[in-house]
>>> print(open('input-v6.cif').read())   # mmCIF, C-alpha atoms
data_coords
loop_
_atom_site.label_atom_id
_atom_site.label_comp_id
_atom_site.auth_asym_id
_atom_site.auth_seq_id
_atom_site.Cartn_x
_atom_site.Cartn_y
_atom_site.Cartn_z
CA MET A 486 145.20 170.01 112.05
CA LYS A 487 148.51 169.25 110.30
CA TYR A 488 150.45 170.29 113.41
CA ALA A 489 148.12 168.30 115.62
CA LYS A 490 148.85 165.15 113.56
CA LEU A 491 152.58 165.86 113.67
CA PHE A 492 152.45 166.30 117.44
CA LEU A 493 150.53 163.05 117.82
CA PHE A 494 153.09 161.18 115.66
CA VAL A 495 156.02 162.58 117.63
CA PHE A 496 154.28 161.78 120.91
CA ILE A 497 153.66 158.17 119.82
CA VAL A 498 157.31 157.74 118.72
CA ILE A 499 158.65 159.21 121.95
CA SER A 500 156.25 157.12 124.01
CA SER A 501 157.32 153.99 122.13
CA ILE A 502 161.01 154.73 122.70
CA HIS A 503 160.36 155.48 126.37
CA THR A 504 158.44 152.23 126.78
CA THR A 505 161.25 150.26 125.12
CA ILE A 506 163.85 151.85 127.37
CA ASP A 507 161.72 151.17 130.44
CA ALA A 508 161.25 147.51 129.43
CA GLN A 509 164.99 147.03 128.98
CA GLU A 510 165.67 148.66 132.34
CA VAL A 511 163.23 146.27 133.99
CA ILE A 512 164.95 143.28 132.36
CA ASP A 513 168.36 144.59 133.40
CA ASP A 514 167.15 145.02 136.97
CA TYR A 515 165.91 141.42 137.18
CA PHE A 516 169.13 140.15 135.64
CA ASN A 517 171.33 142.17 138.00
CA ARG A 518 169.38 140.98 141.02
CA GLY A 519 169.72 137.41 139.82
CA TYR A 520 173.46 137.87 139.43
CA VAL A 521 173.82 139.30 142.94
CA TYR A 522 171.76 136.47 144.40
CA ALA A 523 173.88 133.92 142.54
CA GLU A 524 177.13 135.50 143.72
CA ARG A 525 175.91 135.42 147.32
CA GLY A 526 174.81 131.81 147.13
CA PHE A 527 171.04 132.40 147.12
CA VAL A 528 170.33 129.85 144.43
CA ALA A 529 166.52 129.71 144.53
CA GLU A 530 166.25 133.49 144.45
CA GLY A 531 168.71 133.70 141.57
CA ILE A 532 166.78 131.10 139.59
CA LYS A 533 163.56 133.05 140.08
CA GLU A 534 165.09 136.32 138.83
CA PHE A 535 166.70 134.77 135.73
CA ASN A 536 163.46 132.95 134.85
CA THR A 537 161.67 136.29 135.10
CA VAL A 538 164.16 137.77 132.64
CA LEU A 539 163.35 134.99 130.17
CA SER A 540 159.62 135.64 130.53
CA LEU A 541 160.06 139.29 129.47
CA ASN A 542 161.20 138.70 125.87
CA PRO A 543 164.83 139.74 126.39
CA THR A 544 167.40 140.29 123.67
CA ASN A 545 169.20 137.22 122.34
CA GLU A 546 172.33 138.13 124.29
CA MET A 547 170.43 138.58 127.54
CA ALA A 548 168.57 135.30 126.98
CA VAL A 549 171.86 133.44 126.44
CA ARG A 550 173.34 134.96 129.60
CA SER A 551 170.24 134.10 131.62
CA HIS A 552 170.12 130.51 130.40
CA PHE A 553 173.85 130.19 131.14
CA ASN A 554 173.40 131.43 134.71
CA LEU A 555 170.42 129.14 135.23
CA GLY A 556 172.53 126.23 134.02
CA VAL A 557 175.23 127.10 136.54
CA LEU A 558 172.74 127.48 139.38
CA TYR A 559 170.96 124.20 138.66
CA SER A 560 174.37 122.51 138.52
CA LYS A 561 175.11 123.82 142.00
CA ILE A 562 172.01 122.16 143.44
CA ASN A 563 172.66 118.88 141.63
CA GLN A 564 169.86 119.11 139.08
CA PRO A 565 171.80 118.09 135.94
CA GLN A 566 168.77 117.67 133.69
CA ASN A 567 167.55 121.22 134.37
CA ALA A 568 171.09 122.52 133.99
CA ILE A 569 171.47 120.71 130.65
CA ARG A 570 168.16 122.11 129.43
CA HIS A 571 169.27 125.69 130.01
CA PHE A 572 172.79 125.21 128.63
CA GLU A 573 171.28 123.59 125.51
CA GLU A 574 168.90 126.54 125.12
CA ALA A 575 171.84 128.92 125.33
CA CYS A 576 173.83 126.79 122.91
CA ALA A 577 171.00 126.81 120.38
CA MET A 578 171.17 130.60 120.34
CA ASN A 579 174.95 130.86 120.47
CA PRO A 580 176.60 127.58 119.43
CA ASN A 581 180.15 128.90 119.38
CA GLN A 582 180.71 129.50 123.08
CA PHE A 583 183.46 127.35 124.60
CA LEU A 584 182.06 127.52 128.14
CA LEU A 585 178.62 126.29 127.07
CA HIS A 586 180.08 123.15 125.53
CA TRP A 587 182.47 122.69 128.46
CA HIS A 588 179.60 122.75 130.97
CA LEU A 589 177.44 120.50 128.80
CA ALA A 590 180.27 117.97 128.39
CA ASN A 591 180.79 117.71 132.14
CA LEU A 592 177.07 117.44 132.83
CA TYR A 593 176.57 114.72 130.23
CA LYS A 594 179.58 112.92 131.71
CA SER A 595 177.94 113.09 135.15
CA ILE A 596 174.82 111.32 133.83
CA GLU A 597 176.92 108.87 131.75
CA ASP A 598 175.71 110.03 128.34
CA TYR A 599 179.07 109.50 126.69
CA GLU A 600 178.06 110.25 123.09
CA LYS A 601 177.06 113.78 124.09
CA THR A 602 180.00 114.01 126.46
CA LEU A 603 182.30 113.28 123.53
CA PHE A 604 180.54 115.68 121.17
CA ASN A 605 180.73 118.61 123.56
CA PHE A 606 184.35 118.08 124.66
CA LYS A 607 185.39 117.81 121.01
CA ARG A 608 183.43 120.95 120.17
CA ALA A 609 185.06 122.79 123.08
CA LEU A 610 188.47 121.74 121.76
CA GLU A 611 187.59 123.01 118.28
CA LEU A 612 186.51 126.36 119.70
CA ASP A 613 189.58 126.86 121.90
CA PRO A 614 192.53 124.63 120.95
CA ASN A 615 194.78 126.89 123.03
CA TYR A 616 192.76 126.47 126.22
CA ARG A 617 195.18 126.76 129.15
CA ASP A 618 194.27 123.27 130.43
CA VAL A 619 193.82 121.72 127.00
CA TYR A 620 195.14 118.40 128.27
CA THR A 621 191.90 118.01 130.27
CA LEU A 622 189.92 118.15 127.04
CA TYR A 623 192.05 115.44 125.45
CA TYR A 624 191.81 113.44 128.68
CA ASN A 625 188.02 113.60 128.79
CA ILE A 626 187.71 112.86 125.08
CA GLY A 627 189.84 109.78 125.65
CA TYR A 628 187.75 108.80 128.67
CA ALA A 629 184.53 109.07 126.66
CA TYR A 630 186.00 107.01 123.82
CA ILE A 631 186.91 104.22 126.27
CA LYS A 632 183.36 104.23 127.63
CA LEU A 633 182.11 103.94 124.05
CA ASP A 634 184.51 101.04 123.42
CA LYS A 635 186.53 103.04 120.88
CA ASN A 636 189.93 102.32 122.33
CA ASN A 637 192.11 103.25 119.37
CA GLU A 638 190.54 106.70 119.28
CA ALA A 639 190.98 106.91 123.04
CA ILE A 640 194.68 106.12 122.77
CA GLU A 641 195.15 108.84 120.16
CA SER A 642 193.51 111.49 122.34
CA LEU A 643 195.15 110.35 125.57
CA THR A 644 198.59 110.33 123.93
CA LYS A 645 198.07 113.99 123.08
CA ALA A 646 197.06 114.66 126.67
CA LEU A 647 200.21 112.95 127.86
CA GLU A 648 202.34 115.32 125.79
CA TYR A 649 201.15 118.13 128.06
CA GLN A 650 201.21 116.18 131.33
CA PRO A 651 203.68 113.25 131.03
CA GLN A 652 203.37 112.28 134.71
CA HIS A 653 199.60 112.55 135.06
CA ASP A 654 198.41 109.37 136.77
CA GLY A 655 194.88 109.61 135.37
CA ILE A 656 196.11 109.81 131.78
CA LEU A 657 198.55 106.95 132.29
CA SER A 658 195.83 104.83 133.91
CA LEU A 659 193.45 105.36 131.01
CA LEU A 660 196.17 104.56 128.50
CA ALA A 661 196.88 101.33 130.36
CA GLN A 662 193.16 100.50 130.30
CA ALA A 663 192.70 101.30 126.61
CA HIS A 664 195.67 99.13 125.63
CA PHE A 665 194.42 96.36 127.92
CA ASN A 666 191.01 96.49 126.22
CA LEU A 667 192.78 95.93 122.89
CA ALA A 668 194.82 93.06 124.35
CA LYS A 669 198.02 95.04 123.83
CA TYR A 670 199.46 93.74 127.04
CA ASP A 671 203.07 94.86 126.58
CA HIS A 672 201.91 98.46 126.22
CA THR A 673 199.61 98.01 129.21
CA GLU A 674 202.54 96.79 131.30
CA ALA A 675 204.70 99.71 130.21
CA TYR A 676 202.12 102.24 131.43
CA LEU A 677 201.60 100.35 134.66
CA ASN A 678 205.35 100.43 135.29
CA ARG A 679 205.37 104.19 134.73
CA LEU A 680 202.61 104.54 137.30
CA GLU A 681 204.51 102.37 139.77
CA ASN A 682 207.64 104.47 139.26
CA LEU A 683 205.62 107.60 140.03
CA GLY A 684 204.45 106.09 143.31
CA TYR A 685 201.03 104.75 142.27
CA PRO A 686 200.84 101.02 143.15
CA GLN A 687 199.17 98.88 140.47
CA ARG A 688 199.06 95.47 142.17
CA ASP A 689 195.44 94.74 141.26
CA PHE A 690 195.90 95.76 137.63
CA PHE A 691 199.08 93.68 137.35
CA GLU A 692 197.10 90.68 138.64
CA LYS A 693 194.41 91.30 136.05
CA LEU A 694 197.08 91.59 133.37
CA LYS A 695 198.70 88.33 134.49
CA LYS A 696 195.39 86.46 134.25
CA ALA A 697 194.65 87.96 130.83
CA ARG A 698 198.04 86.84 129.51
CA ALA A 699 197.56 83.37 130.95
CA GLY A 700 194.18 83.11 129.27
CA ASN A 701 195.71 83.91 125.88
CA ARG A 702 198.24 81.08 126.02
#
>>> encode(input="input-v6.cif", output="structure tokens")
Amino acid sequence: MKYAKLFLFVFIVISSIHTTIDAQEVIDDYFNRGYVYAERGFVAEGIKEFNTVLSLNPTNEMAVRSHFNLGVLYSKINQPQNAIRHFEEACAMNPNQFLLHWHLANLYKSIEDYEKTLFNFKRALELDPNYRDVYTLYYNIGYAYIKLDKNNEAIESLTKALEYQPQHDGILSLLAQAHFNLAKYDHTEAYLNRLENLGYPQRDFFEKLKKARAGNR
């Protein structure tokens, strides 16, 4: 009887381990199929496979990866709200991933939610201050600040961006706009002249600046 109980216990343990391994293999299979579909451009099929992974109680890591891939796929078919939902789910489980905040920042920017745009670009910068294109983070932070009518903060961020890319027309344009918003017209003119010297005509902005100066007299 003692040996029979021991055999039953061992059998149950082995069966449990085997079931766990089988379950993980099934999850891995769905994930791998989803990845292949995504790589080949079969978006709907990829979405279905990754959603199946999430329905099977995956590990935290696998859930994060699946939500991330779903966010990317929904972005590709221009469904920003669904993409945001999955990136936010992934971020809740792993809040220290640069790419999650980078994707969220760009998605929130696309739907003009500039508070969340700002939060996520700033968080991305905190997580990877040595990002190879770090000037784009400073640029987008500055852009969001302008949209939120925080022009001094915008100037600070955009000035840092300009240190990396001193001839970037987008940075110079935003700096001109931020200074214009603060009625710092001499600074505005200086940035417009830099743009003109780089070959970017600013006739319309110069006209706007002229009228603004006339109105202040």
>>> closest_residue(input="input-v6.cif", among="A:Ile532, A:Phe516, A:Glu546, A:Ser540", to="Lys561 of chain A", atoms="only C-alpha atoms")
A:Ile532
>>> residues_around(input="input-v6.cif", residues="segment 655-667 of chain A", least_positions_apart="3", cutoff="7 Å", atoms="all atoms listed in the file", output="PyMOL selection string")
chain A and resi 624+631+636+639-640+643+647+670+672-673+676-677+680
>>> resolve_selection(input="input-v6.cif", expression="the PyMOL selection byres ((chain A and resi 611) around 12)", output="PyMOL selection string")
chain A and resi 580-583+586-587+604-610+612-616+619+622-623
>>> resolve_selection(input="input-v6.cif", expression="the PyMOL selection byres ((chain A and resi 692-698) around 9)", output="PyMOL selection string")
chain A and resi 665+668+670+673-674+687-691+699-702
>>> residues_around(input="input-v6.cif", residues="His571 of chain A", least_positions_apart="5", cutoff="7 Å", atoms="only C-alpha atoms", output="ChimeraX atom specification")
/A:552-553,555-556
>>> resolve_selection(input="input-v6.cif", expression="the PyMOL selection byres ((chain A and resi 529) around 12)", output="PyMOL selection string")
chain A and resi 519-520+522-523+525-528+530-536+555+558-559+561-562
>>> atom_distance(input="input-v6.cif", atom1="atom CA of Phe572 of chain A", atom2="atom CA of His588 of chain A")
7.6 Å
>>> atom_distance(input="input-v6.cif", atom1="atom CA of Met578 of chain A", atom2="atom CA of Tyr599 of chain A")
23.4 Å
>>> closest_residue(input="input-v6.cif", among="A:Asp598, A:Asp507, A:Asp513, A:Glu638", to="Leu539 of chain A", atoms="only C-alpha atoms")
A:Asp513
>>> axis_aligned_box(input="input-v6.cif", around="segment 591-604 of chain A", padding_each_side="5 Å", output="lines of an AutoDock Vina configuration file")
center_x = 178.6
center_y = 113.3
center_z = 128.2
size_x = 17.5
size_y = 18.8
size_z = 24.0
>>> atom_distance(input="input-v6.cif", atom1="atom CA of Leu589 of chain A", atom2="atom CA of Pro651 of chain A")
27.3 Å
